[in-house]
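K.L.:
Submitted below is the structure of interest, expressed as structure tokens.
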Amino acid sequence: MIEGNNELERLVARSRLIGADPELVVHGGGNTSTKTVERDHLGRERRVLRIKGSGTDLRTIGPDGFPGLFLDELEPLREHAAMSDEEMVAHLAHGMVDPGARPPSIETLLHGFLPAAHVDHVHADAICALTNHPGGRAAVAEALGDDVAYVPYLRPGFELSRQVAELAGSRAVVLEHHGLVTWGETHERSYRLTLDLVAQAKRYLAAQGALRRPSPAPDLSGRDVAALLAALRGALSRPGAPCVLHVDRGQRFLADRPDVAAVAAEARATPDHVLRIGARSIVVRSAAEVASAVAAHADGYRAYFARHAESLPPENDMLSPLPRVVLVPGLGCVAAGATPAAAQMHAEIAHRSHLVTAMALDAFGEVRWLTEEEVFAFDYWPMELRKLALAPPPPPLSGRVVVVAGNDGADVEPIAGRLAADGANVAADVASAVDAFGGVDAIVLLDGDRDALLAEAAEIWRVQGAPGTIVRVGSDVRASDTARENAVVADEAAAAADAVAFLLSERAAGLAGSVLRMR
């Protein structure tokens, strides 16, 4: 029984059940809805669609994550022959119960056009694996039954919504390369149907031989892992946009597969994943392979952009050509992001995509996914590019990794806290910085010379391919003018915190041998 005091509370509960299962959705994927009757601003009772809002996550969503739209404003749109994304979004804005609420999902009309009271859409691994090969339609019918409809791939929008609405007499709808849509007159019926169909798909895939476990590749040593991470971090960071790394050893069984190159590059589970982790991962086995593998991916991306750039308005720039996900035999998956949370999110999304591709390869022997034109249309979807343009700027030290070394915690804490407040990732030593974030950019020394620490940092900087920064803090310190080294003279670490943050920011780029005296 899905509990709650009203329909909205039950919608929240149902959504969180779906969001808690990574085999169904991850990190903002999927959407849910409920149709209710509410009073409008004039006190009139009207039918309302409550649907997941843009930018929310089903795992943590609350009541305010479900904006309402008047159904009598949506249903007439079914009579339109066509509608652009821009026209659709503009119309949705006029139908909001609360004009100040967050924007609704781009798939609002898909939910609104279906007559059922409750609708769920998930990107289930097993469902995507059924469709991501040449015989997807036949496999879905065999696995789920002829009463489950199948829609060939279409990007989310008006036409997909219209086609799904025409299949409302089916038991459910599978969207090719995209996921599953279920519905019911109760919360329980829609949710239970999702679970039942996904379980059927998993049983079918298992009977076809998915998912095989390979013989493990040789383990990478701790030294090799550290060198690999530093090399990757250097190659995947851009000027003014350093990254941090997350290692997911849970993907070792995927990275160790003999067909790991296909798992990395053949497909993503669903096009939504392209927006977060790009269309392809790369494979590297050692630090020595990093530069060439990253360069090959970047060159391939630039060529892909050049082939399709004429379809974009002239003001659209190319997105970063660098990969965001790396499969490493003997280790697992390494993902890059602007923050540790973003890097972990990318790894978790990649896990689902790699898993789906591996299941499809094992069960059906080959993968078929989107055409290059379809990938590009999703990669440069104007609806998503606008979100990027509206994103707030990152903190000044976002992506930077700083080791703050000192024996006195009272001295370390104010500087470490100040740097963290500016977005820096702070560690106590070089080894932990590499393990947690993939490398190091700066050393802040609060006592002594720490020659061994500086030697460790110098080796990481060599492998990263970029010089690091050293800041010495104390009441009587000097800075070398032969390296990227500066000094802050202060009697108390608290007084030095702002100066250290400045010296590690882009505003101080190129400074060497400077001494800031704090009074």
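Letters A, B, ... mark the chains of the structure tokens in the order given; residue numbers begin at 1 per chain; ligand numbers begin at 1, in order shown.
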Considering only C-alpha atoms, give me a table of residues in segment 147-255 of chain A that are at most 9 Å from segment 259-280 of chain A, with the closest atom pair and distance in Å for each, as JSON lines.
P.N.:
```
{"residue": "A:Arg155", "atom": "CA", "partner": "A:Pro271", "partner_atom": "CA", "distance": 8.5}
{"residue": "A:Glu176", "atom": "CA", "partner": "A:Thr270", "partner_atom": "CA", "distance": 9.0}
{"residue": "A:His177", "atom": "CA", "partner": "A:Thr270", "partner_atom": "CA", "distance": 5.5}
{"residue": "A:His178", "atom": "CA", "partner": "A:Thr270", "partner_atom": "CA", "distance": 4.9}
{"residue": "A:Gly179", "atom": "CA", "partner": "A:Thr270", "partner_atom": "CA", "distance": 7.4}
{"residue": "A:Leu254", "atom": "CA", "partner": "A:Val260", "partner_atom": "CA", "distance": 6.8}
{"residue": "A:Ala255", "atom": "CA", "partner": "A:Val260", "partner_atom": "CA", "distance": 5.7}
```
K.L.:
Fewer than 2 positions away in the same chain doesn't count, so skip those; otherwise give me all residues within 6 Å of segment 340-353 of chain A, counting only C-alpha atoms, as a ChimeraX atom specification.
P.N.:
/A:245-246,268-269,277,335-337,355-356
K.L.:
Name the residues in contact with segment 441-446 of chain A at a cut-off of 6 Å, using only C-alpha atoms, excluding same-chain residues fewer than 6 positions from it; report them as a PyMOL selection string.
P.N.:
chain A and resi 401-406+468-473
K.L.:
Any chance you could export the current selection's C-alpha atoms as a PDB file, in the first residue's frame?
P.N.:
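Contents of the output file out02.pdb:
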```pdb
ATOM      1  CA  VAL A 401      42.676  20.102  -4.966  1.00  0.00           C
ATOM      2  CA  VAL A 402      44.735  21.558  -2.130  1.00  0.00           C
ATOM      3  CA  VAL A 403      46.841  19.867   0.534  1.00  0.00           C
ATOM      4  CA  VAL A 404      46.968  21.924   3.729  1.00  0.00           C
ATOM      5  CA  ALA A 405      49.862  20.631   5.828  1.00  0.00           C
ATOM      6  CA  GLY A 406      50.419  21.621   9.430  1.00  0.00           C
ATOM      7  CA  GLY A 468      51.506  23.138  -9.005  1.00  0.00           C
ATOM      8  CA  THR A 469      51.379  26.033  -6.568  1.00  0.00           C
ATOM      9  CA  ILE A 470      53.066  26.292  -3.184  1.00  0.00           C
ATOM     10  CA  VAL A 471      52.001  28.781  -0.539  1.00  0.00           C
ATOM     11  CA  ARG A 472      54.034  29.101   2.655  1.00  0.00           C
ATOM     12  CA  VAL A 473      52.302  30.605   5.677  1.00  0.00           C
TER      13      VAL A 473
END
```
K.L.:
Going by DSSP on the backbone, which bits of segment 142-322 of chain A are strand (DSSP E)? Write them as an MDAnalysis selection string, please.
P.N.:
chainID A and resid 148:151 172:175 179:184 244:248 282:283
K.L.:
May I have all residues of segment 263-335 of chain A that DSSP, computed from the backbone, assigns to alpha helix (DSSP H), given as an NGL selection string?
P.N.:
:A and (263-265 or 272-277 or 287-308)
K.L.:
Just C-alpha atoms for this one: save the residues we selected as an mmCIF file, in the first residue's frame.
P.N.:
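Output saved as out.cif:
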```cif
data_model
loop_
_atom_site.group_PDB
_atom_site.id
_atom_site.type_symbol
_atom_site.label_atom_id
_atom_site.label_comp_id
_atom_site.auth_asym_id
_atom_site.auth_seq_id
_atom_site.Cartn_x
_atom_site.Cartn_y
_atom_site.Cartn_z
ATOM 1 C CA VAL A 263 30.888 -1.697 -23.665
ATOM 2 C CA ALA A 264 32.544 1.722 -23.489
ATOM 3 C CA ALA A 265 31.649 3.073 -26.904
ATOM 4 C CA ASP A 272 19.456 11.187 -21.197
ATOM 5 C CA HIS A 273 22.825 9.771 -20.181
ATOM 6 C CA VAL A 274 24.523 11.579 -23.070
ATOM 7 C CA LEU A 275 23.723 14.890 -21.404
ATOM 8 C CA ARG A 276 25.660 13.877 -18.276
ATOM 9 C CA ILE A 277 28.476 11.601 -19.446
ATOM 10 C CA ALA A 287 49.126 6.012 -17.309
ATOM 11 C CA ALA A 288 51.169 5.632 -20.496
ATOM 12 C CA GLU A 289 47.980 5.211 -22.575
ATOM 13 C CA VAL A 290 46.122 8.222 -21.190
ATOM 14 C CA ALA A 291 47.383 11.017 -23.449
ATOM 15 C CA SER A 292 46.790 9.147 -26.702
ATOM 16 C CA ALA A 293 43.375 7.789 -25.651
ATOM 17 C CA VAL A 294 42.100 11.202 -24.543
ATOM 18 C CA ALA A 295 43.512 12.884 -27.664
ATOM 19 C CA ALA A 296 41.845 10.306 -29.921
ATOM 20 C CA HIS A 297 38.487 10.846 -28.220
ATOM 21 C CA ALA A 298 38.839 14.639 -28.471
ATOM 22 C CA ASP A 299 39.800 14.457 -32.149
ATOM 23 C CA GLY A 300 36.832 12.171 -32.823
ATOM 24 C CA TYR A 301 34.470 14.546 -31.042
ATOM 25 C CA ARG A 302 35.730 17.552 -32.991
ATOM 26 C CA ALA A 303 35.185 15.681 -36.247
ATOM 27 C CA TYR A 304 31.681 14.639 -35.119
ATOM 28 C CA PHE A 305 30.858 18.264 -34.279
ATOM 29 C CA ALA A 306 32.184 19.461 -37.625
ATOM 30 C CA ARG A 307 29.972 16.958 -39.460
ATOM 31 C CA HIS A 308 26.817 18.347 -37.854
#
```
K.L.:
Could you work out how far atom CA of Asp120 of chain A lies from atom CA of Leu69 of chain A, giving the answer in Å with one decimal?
P.N.:
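Those two atoms sit 17.0 Å apart.
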K.L.:
Excluding same-chain residues fewer than 3 positions from segment 110-113 of chain A, what lies within 12 Å of it counting only C-alpha atoms, as number ranges by chain?
P.N.:
A: 30-36, 47-52, 68-79, 88, 92, 95, 104-107, 116-121, 156-168, 173, 175, 181-184
K.L.:
Find the residues near Ala230 of chain A: any atom within 9 Å, counting only C-alpha atoms, skip ones fewer than 5 places away on the same chain, and give them as a PDB file with C-alpha atoms, in the first residue's frame.
P.N.:
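See part.pdb below for the written result:
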```pdb
ATOM      1  CA  VAL A 225      46.614   3.512  -9.848  1.00  0.00           C
ATOM      2  CA  ALA A 235      44.384  15.166 -19.382  1.00  0.00           C
ATOM      3  CA  ALA A 287      49.126   6.012 -17.309  1.00  0.00           C
ATOM      4  CA  VAL A 434      45.202  11.516  -5.178  1.00  0.00           C
ATOM      5  CA  GLY A 438      42.733  12.103  -8.538  1.00  0.00           C
ATOM      6  CA  GLY A 439      45.587  14.545  -8.025  1.00  0.00           C
ATOM      7  CA  VAL A 440      46.689  17.784  -6.392  1.00  0.00           C
ATOM      8  CA  ILE A 460      52.174  14.197  -9.190  1.00  0.00           C
ATOM      9  CA  TRP A 461      52.519  17.561 -10.928  1.00  0.00           C
ATOM     10  CA  ARG A 462      54.921  15.976 -13.418  1.00  0.00           C
ATOM     11  CA  VAL A 463      52.440  13.217 -14.248  1.00  0.00           C
ATOM     12  CA  GLN A 464      49.503  15.659 -14.386  1.00  0.00           C
ATOM     13  CA  GLY A 465      51.485  17.687 -16.888  1.00  0.00           C
TER      14      GLY A 465
END
```
K.L.:
Find, counting only C-alpha atoms, the residue in A:Leu195, A:Leu211, A:Val12, A:Ile18 that gets nearest to Phe364 of chain A.
P.N.:
A:Leu211
K.L.:
Have a look at atom CA of Gly234 of chain A and atom CA of Pro467 of chain A and let me know their distance in Å, one decimal.
P.N.:
10.4 Å
K.L.:
Excluding Gly145 of chain A and any residue of its chain fewer than 2 positions from it, enumerate the residues within 12 Å of it, using only C-alpha atoms, and give them as a PDB file with C-alpha atoms, in the first residue's frame.
P.N.:
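Written out: around.pdb:
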```pdb
ATOM      1  CA  ARG A 137      10.653  -4.847 -31.169  1.00  0.00           C
ATOM      2  CA  ALA A 138      10.559  -8.649 -31.406  1.00  0.00           C
ATOM      3  CA  ALA A 139      12.409  -9.085 -28.110  1.00  0.00           C
ATOM      4  CA  VAL A 140       9.966  -6.779 -26.296  1.00  0.00           C
ATOM      5  CA  ALA A 141       6.981  -8.714 -27.646  1.00  0.00           C
ATOM      6  CA  GLU A 142       8.550 -12.048 -26.692  1.00  0.00           C
ATOM      7  CA  ALA A 143       9.618 -10.895 -23.241  1.00  0.00           C
ATOM      8  CA  ASP A 147      -0.224  -6.228 -25.223  1.00  0.00           C
ATOM      9  CA  VAL A 148       2.816  -4.055 -24.473  1.00  0.00           C
ATOM     10  CA  ALA A 149       3.189  -1.505 -27.289  1.00  0.00           C
ATOM     11  CA  TYR A 150       6.475  -0.424 -28.845  1.00  0.00           C
ATOM     12  CA  SER A 170      -2.240  -1.173 -24.485  1.00  0.00           C
ATOM     13  CA  ARG A 171      -1.088  -2.618 -21.192  1.00  0.00           C
ATOM     14  CA  ALA A 172       2.017  -0.390 -21.245  1.00  0.00           C
ATOM     15  CA  VAL A 173       4.417   1.205 -23.750  1.00  0.00           C
ATOM     16  CA  VAL A 174       8.110   0.563 -24.322  1.00  0.00           C
ATOM     17  CA  LEU A 197       7.352  -5.778 -16.505  1.00  0.00           C
ATOM     18  CA  GLN A 200       9.805 -10.139 -16.863  1.00  0.00           C
ATOM     19  CA  ALA A 201      12.482  -8.353 -18.899  1.00  0.00           C
ATOM     20  CA  TYR A 204      14.086 -12.976 -20.408  1.00  0.00           C
TER      21      TYR A 204
END
```
K.L.:
As a PyMOL selection string, please: the residues near Pro414 of chain A (cut-off 7 Å, only C-alpha atoms, same-chain neighbours under 5 positions excluded).
P.N.:
chain A and resi 493-494+497
K.L.:
What gap, in Å, lies between atom CA of Pro258 of chain A and atom CA of Leu130 of chain A?
P.N.:
21.9 Å
